[in-house]
Amino acid sequence: MASKKYLELQDFADADLLNELKETRAQYQKLKFDHTIKGLDNPLLLRDVRRDIARLNSEVRRREIGKMSEEDLGNRSKIRARRKRK
């Protein structure tokens, strides 16, 4: 079952998604800094923000792959196969 956050991300436009990613990364850096200096009331918040960043990155990449041509997808498969052999 898909999480609610994942389903919400699918409704975002590309520009909104990139903007959200940028804001979330800035928020994570600020939280990390605050945690280092004075500590956070809830340090698990760092984990949640990190996971949000991962969700955003995954959605951006999924859209990039969706826009690829058949030729690009074929080349991508060759690259992945070559990585597996090593």
# chains A, B, ... in the order shown; residues from 1 in each chain; ligands from 1

$ residues_around --residues "A:Leu45" --least-positions-apart "3" --cutoff "12 Å" --atoms "only C-alpha atoms" --output "VMD selection string"
chain A and resid 27 to 28 30 to 32 34 to 35 39 to 42 48 to 52

$ atom_distance --atom1 "atom CA of A:Asn19" --atom2 "atom CA of A:Arg55"
13.8 Å

$ residues_around --residues "stretch 10-13 of chain A" --least-positions-apart "4" --cutoff "8 Å" --atoms "only C-alpha atoms" --output "mmCIF file with N, CA and C atoms, in the first residue's frame"
data_model
loop_
_atom_site.group_PDB
_atom_site.id
_atom_site.type_symbol
_atom_site.label_atom_id
_atom_site.label_comp_id
_atom_site.auth_asym_id
_atom_site.auth_seq_id
_atom_site.Cartn_x
_atom_site.Cartn_y
_atom_site.Cartn_z
ATOM 1 N N TYR A 6 3.464 9.672 -0.382
ATOM 2 C CA TYR A 6 3.814 9.307 -1.749
ATOM 3 C C TYR A 6 2.696 9.683 -2.711
ATOM 4 N N LEU A 17 7.627 20.201 -7.291
ATOM 5 C CA LEU A 17 8.358 19.091 -6.691
ATOM 6 C C LEU A 17 9.812 19.485 -6.424
ATOM 7 N N GLU A 59 10.652 10.400 -6.515
ATOM 8 C CA GLU A 59 9.613 10.871 -7.423
ATOM 9 C C GLU A 59 10.215 11.651 -8.599
#

$ residues_around --residues "A:Leu9" --least-positions-apart "4" --cutoff "12 Å" --atoms "only C-alpha atoms" --output "VMD selection string"
chain A and resid 2 to 5 13 to 18 20 to 21 52 to 60 62 to 63

$ write_last_selection --atoms "N, CA and C atoms" --output "PDB file, in the first residue's frame"
ATOM      1  N   ALA A   2       0.592   2.189  -0.871  1.00  0.00           N
ATOM      2  CA  ALA A   2       1.369   3.418  -0.967  1.00  0.00           C
ATOM      3  C   ALA A   2       1.048   4.331   0.216  1.00  0.00           C
ATOM      4  N   SER A   3       2.080   5.021   0.686  1.00  0.00           N
ATOM      5  CA  SER A   3       1.848   5.925   1.801  1.00  0.00           C
ATOM      6  C   SER A   3       1.134   7.186   1.319  1.00  0.00           C
ATOM      7  N   LYS A   4       0.549   7.873   2.242  1.00  0.00           N
ATOM      8  CA  LYS A   4      -0.197   9.086   1.912  1.00  0.00           C
ATOM      9  C   LYS A   4       0.749  10.143   1.338  1.00  0.00           C
ATOM     10  N   LYS A   5       1.941  10.225   1.886  1.00  0.00           N
ATOM     11  CA  LYS A   5       2.904  11.214   1.403  1.00  0.00           C
ATOM     12  C   LYS A   5       3.290  10.937  -0.044  1.00  0.00           C
ATOM     13  N   ALA A  13       3.304  19.355  -9.476  1.00  0.00           N
ATOM     14  CA  ALA A  13       3.909  19.646 -10.775  1.00  0.00           C
ATOM     15  C   ALA A  13       5.423  19.512 -10.627  1.00  0.00           C
ATOM     16  N   ASP A  14       6.129  19.395 -11.747  1.00  0.00           N
ATOM     17  CA  ASP A  14       7.585  19.209 -11.691  1.00  0.00           C
ATOM     18  C   ASP A  14       8.279  20.354 -10.959  1.00  0.00           C
ATOM     19  N   ALA A  15       7.883  21.587 -11.284  1.00  0.00           N
ATOM     20  CA  ALA A  15       8.513  22.754 -10.649  1.00  0.00           C
ATOM     21  C   ALA A  15       8.231  22.768  -9.146  1.00  0.00           C
ATOM     22  N   ASP A  16       7.002  22.436  -8.771  1.00  0.00           N
ATOM     23  CA  ASP A  16       6.642  22.394  -7.349  1.00  0.00           C
ATOM     24  C   ASP A  16       7.428  21.312  -6.620  1.00  0.00           C
ATOM     25  N   LEU A  17       7.627  20.201  -7.291  1.00  0.00           N
ATOM     26  CA  LEU A  17       8.358  19.091  -6.691  1.00  0.00           C
ATOM     27  C   LEU A  17       9.812  19.485  -6.424  1.00  0.00           C
ATOM     28  N   LEU A  18      10.446  20.121  -7.401  1.00  0.00           N
ATOM     29  CA  LEU A  18      11.837  20.557  -7.224  1.00  0.00           C
ATOM     30  C   LEU A  18      11.946  21.636  -6.152  1.00  0.00           C
ATOM     31  N   GLU A  20       9.916  21.978  -3.573  1.00  0.00           N
ATOM     32  CA  GLU A  20       9.711  21.283  -2.294  1.00  0.00           C
ATOM     33  C   GLU A  20      10.986  20.556  -1.863  1.00  0.00           C
ATOM     34  N   LEU A  21      11.671  19.946  -2.822  1.00  0.00           N
ATOM     35  CA  LEU A  21      12.930  19.259  -2.520  1.00  0.00           C
ATOM     36  C   LEU A  21      13.967  20.244  -1.998  1.00  0.00           C
ATOM     37  N   ASP A  52      11.703  12.078   3.883  1.00  0.00           N
ATOM     38  CA  ASP A  52      10.951  12.927   2.959  1.00  0.00           C
ATOM     39  C   ASP A  52      11.815  13.319   1.758  1.00  0.00           C
ATOM     40  N   ILE A  53      13.076  13.621   2.026  1.00  0.00           N
ATOM     41  CA  ILE A  53      14.005  13.960   0.936  1.00  0.00           C
ATOM     42  C   ILE A  53      14.157  12.769  -0.003  1.00  0.00           C
ATOM     43  N   ALA A  54      14.259  11.582   0.552  1.00  0.00           N
ATOM     44  CA  ALA A  54      14.385  10.378  -0.271  1.00  0.00           C
ATOM     45  C   ALA A  54      13.130  10.162  -1.112  1.00  0.00           C
ATOM     46  N   ARG A  55      11.961  10.397  -0.531  1.00  0.00           N
ATOM     47  CA  ARG A  55      10.710  10.272  -1.291  1.00  0.00           C
ATOM     48  C   ARG A  55      10.682  11.259  -2.454  1.00  0.00           C
ATOM     49  N   LEU A  56      11.096  12.490  -2.180  1.00  0.00           N
ATOM     50  CA  LEU A  56      11.109  13.515  -3.226  1.00  0.00           C
ATOM     51  C   LEU A  56      12.083  13.147  -4.341  1.00  0.00           C
ATOM     52  N   ASN A  57      13.284  12.700  -3.953  1.00  0.00           N
ATOM     53  CA  ASN A  57      14.275  12.292  -4.958  1.00  0.00           C
ATOM     54  C   ASN A  57      13.761  11.129  -5.794  1.00  0.00           C
ATOM     55  N   SER A  58      13.084  10.198  -5.162  1.00  0.00           N
ATOM     56  CA  SER A  58      12.544   9.045  -5.887  1.00  0.00           C
ATOM     57  C   SER A  58      11.491   9.471  -6.902  1.00  0.00           C
ATOM     58  N   GLU A  59      10.652  10.400  -6.515  1.00  0.00           N
ATOM     59  CA  GLU A  59       9.613  10.871  -7.423  1.00  0.00           C
ATOM     60  C   GLU A  59      10.215  11.651  -8.599  1.00  0.00           C
ATOM     61  N   VAL A  60      11.226  12.459  -8.323  1.00  0.00           N
ATOM     62  CA  VAL A  60      11.905  13.200  -9.400  1.00  0.00           C
ATOM     63  C   VAL A  60      12.528  12.216 -10.386  1.00  0.00           C
ATOM     64  N   ARG A  62      11.704   9.043 -10.879  1.00  0.00           N
ATOM     65  CA  ARG A  62      10.655   8.295 -11.557  1.00  0.00           C
ATOM     66  C   ARG A  62      10.114   9.089 -12.737  1.00  0.00           C
ATOM     67  N   ARG A  63       9.963  10.382 -12.553  1.00  0.00           N
ATOM     68  CA  ARG A  63       9.480  11.228 -13.645  1.00  0.00           C
ATOM     69  C   ARG A  63      10.520  11.365 -14.752  1.00  0.00           C
TER      70      ARG A  63
END

$ atom_distance --atom1 "atom CA of A:Phe33" --atom2 "atom CA of A:Arg47"
14.2 Å

$ closest_residue --among "A:Leu73, A:Ala81, A:Leu46, A:Met68" --to "A:Arg25" --atoms "only C-alpha atoms"
A:Leu46

$ atom_distance --atom1 "atom CA of A:Glu8" --atom2 "atom CA of A:Ile65"
19.4 Å
